[in-house]
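Novice: Quick one: structure below, then a few questions.
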Amino acid sequence: MPLSDPLAASRTNRFRVGIGATVVLIVVGLGVAVLVSALTAGGHGGETVREPSPSASGDARTDGAAIFVHILGEVNTPGLYQFREGDRAIDAVAAAGGFTENADRRQLNLARFLSDGEQIFVPAEGETPASGAPSGATGGKVNLNTADAAALEGLPRVGPAMAQRIIAWRDSNGRFASVEDLLSVTGIGDKTFAQLKDLVTI
């Protein structure tokens, strides 16, 4: 019985290994292509939603509902960011790469809680929110969850002290869940509320 050629057997084995390696590379390549396609298709209308770094006010939050905040103006990386309920304005600024050199840091209360769907505008030195971006007005009404002191003071019977109390209530309680929550703010009674209820929104 003739002996098999060891060189031929070796060549056959190498050929089989080569085919197997090629198949593995093709499968891996297809998997990567599918993954990239899925990630690309998951965009939000051309606006990238960024996951923030660990919270600037503590550890990264894993509890609470997801909220989305749009931050723009004098920050290094403006954009749309995803946070968790209970995160604060300082977390939004940190996620956006921090203030630029031109930012007027005094106009933003870094301790206040974030609200879903809000837009944060960081003005430059000498710039006011009214001249650079919306100051909290929505559809002609003042948004209690995003308005600054200047916007609140434009309401009837709301002076600087009352505006600060409204903002302080918002900072302490997270956000206004309804317009009626204004009645929980010290100094706002039924008469004042009756004048404000049709001029504000949440």
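Within each chain, counting starts at residue 1; across the structure tokens, chains are named A, B, ... in the order shown, with ligands numbered 1 upward in that order.
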Got a sec to tell me which of range 84-117 of chain A DSSP assigns to helix (DSSP H, G or I), as a PyMOL selection string?
Specialist: chain A and resi 89-95+105-107
Novice: So how far away is CA of Asp198 in chain A from CA of Asn109 in chain A, in Å?
Specialist: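 So the answer is 26.5 Å.
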Novice: Any idea what the distance is between CA of Gly117 in chain A and CA of Val93 in chain A?
Specialist: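 Straight-line distance from CA of Gly117 in chain A to CA of Val93 in chain A works out to 15.7 Å.
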Novice: CA of Ile167 in chain A and CA of Arg106 in chain A, how far apart in Å?
Specialist: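 Separation of CA of Arg106 in chain A and CA of Ile167 in chain A: 15.1 Å.
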Novice: I'd like to know which of A:Thr100, A:Gln82, A:Ser184, A:Thr201 is closest to Trp169 in chain A, using only C-alpha atoms.
Specialist: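 Smallest separation from Trp169 in chain A among the options: A:Ser184.
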Novice: Could you name the residues that touch Asn145 in chain A at 9 Å or less, counting only C-alpha atoms, but leaving out those on the same chain fewer than 2 positions away, as a list of chain:residue names?
Specialist: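 Result of the neighbour search: A:Leu114, A:Ser115, A:Glu118, A:Gly136, A:Val142, A:Asn143, A:Ala147, A:Asp148, A:Ile167, A:Arg170, A:Gly174, A:Arg175, A:Phe176, A:Ala177, A:Thr201, A:Ile202.
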Novice: Just the residues within 6 Å of range 63-77 of chain A, please, counting only C-alpha atoms, with nothing from its chain fewer than 2 positions along; format it as a ChimeraX atom specification.
Specialist: /A:61,79-85,96-100,103,116-123
Novice: So that I can check the surroundings of Thr186 in chain A, please list as a PyMOL selection string every protein, DNA and RNA residue that reaches within 10 Å of it, counting only C-alpha atoms and ignoring chain neighbours fewer than 2 positions away.
Specialist: chain A and resi 162+165-166+169+182-184+188-189
Novice: If you keep N, CA and C atoms, can you produce a file of those selected residues as an mmCIF file, in the first residue's frame?
Specialist:
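Output saved as result_6.cif:
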```
data_model
loop_
_atom_site.group_PDB
_atom_site.id
_atom_site.type_symbol
_atom_site.label_atom_id
_atom_site.label_comp_id
_atom_site.auth_asym_id
_atom_site.auth_seq_id
_atom_site.Cartn_x
_atom_site.Cartn_y
_atom_site.Cartn_z
ATOM 1 N N MET A 162 -39.846 88.294 44.962
ATOM 2 C CA MET A 162 -40.754 87.198 44.616
ATOM 3 C C MET A 162 -40.122 86.288 43.570
ATOM 4 N N ARG A 165 -37.824 83.986 45.236
ATOM 5 C CA ARG A 165 -38.528 82.934 45.997
ATOM 6 C C ARG A 165 -39.034 81.831 45.061
ATOM 7 N N ILE A 166 -39.483 82.224 43.873
ATOM 8 C CA ILE A 166 -39.938 81.225 42.892
ATOM 9 C C ILE A 166 -38.762 80.348 42.460
ATOM 10 N N TRP A 169 -37.780 78.020 45.293
ATOM 11 C CA TRP A 169 -38.705 76.876 45.400
ATOM 12 C C TRP A 169 -38.367 75.837 44.344
ATOM 13 N N LEU A 182 -47.400 77.104 42.191
ATOM 14 C CA LEU A 182 -47.068 78.478 42.568
ATOM 15 C C LEU A 182 -47.664 78.843 43.926
ATOM 16 N N LEU A 183 -48.777 78.234 44.260
ATOM 17 C CA LEU A 183 -49.432 78.528 45.540
ATOM 18 C C LEU A 183 -48.581 78.070 46.720
ATOM 19 N N SER A 184 -47.595 77.217 46.463
ATOM 20 C CA SER A 184 -46.698 76.749 47.527
ATOM 21 C C SER A 184 -45.555 77.725 47.781
ATOM 22 N N ILE A 188 -47.337 84.029 47.536
ATOM 23 C CA ILE A 188 -48.305 83.912 46.437
ATOM 24 C C ILE A 188 -49.600 83.330 46.984
ATOM 25 N N GLY A 189 -50.610 84.188 47.021
ATOM 26 C CA GLY A 189 -51.927 83.759 47.471
ATOM 27 C C GLY A 189 -52.875 83.606 46.300
#
```
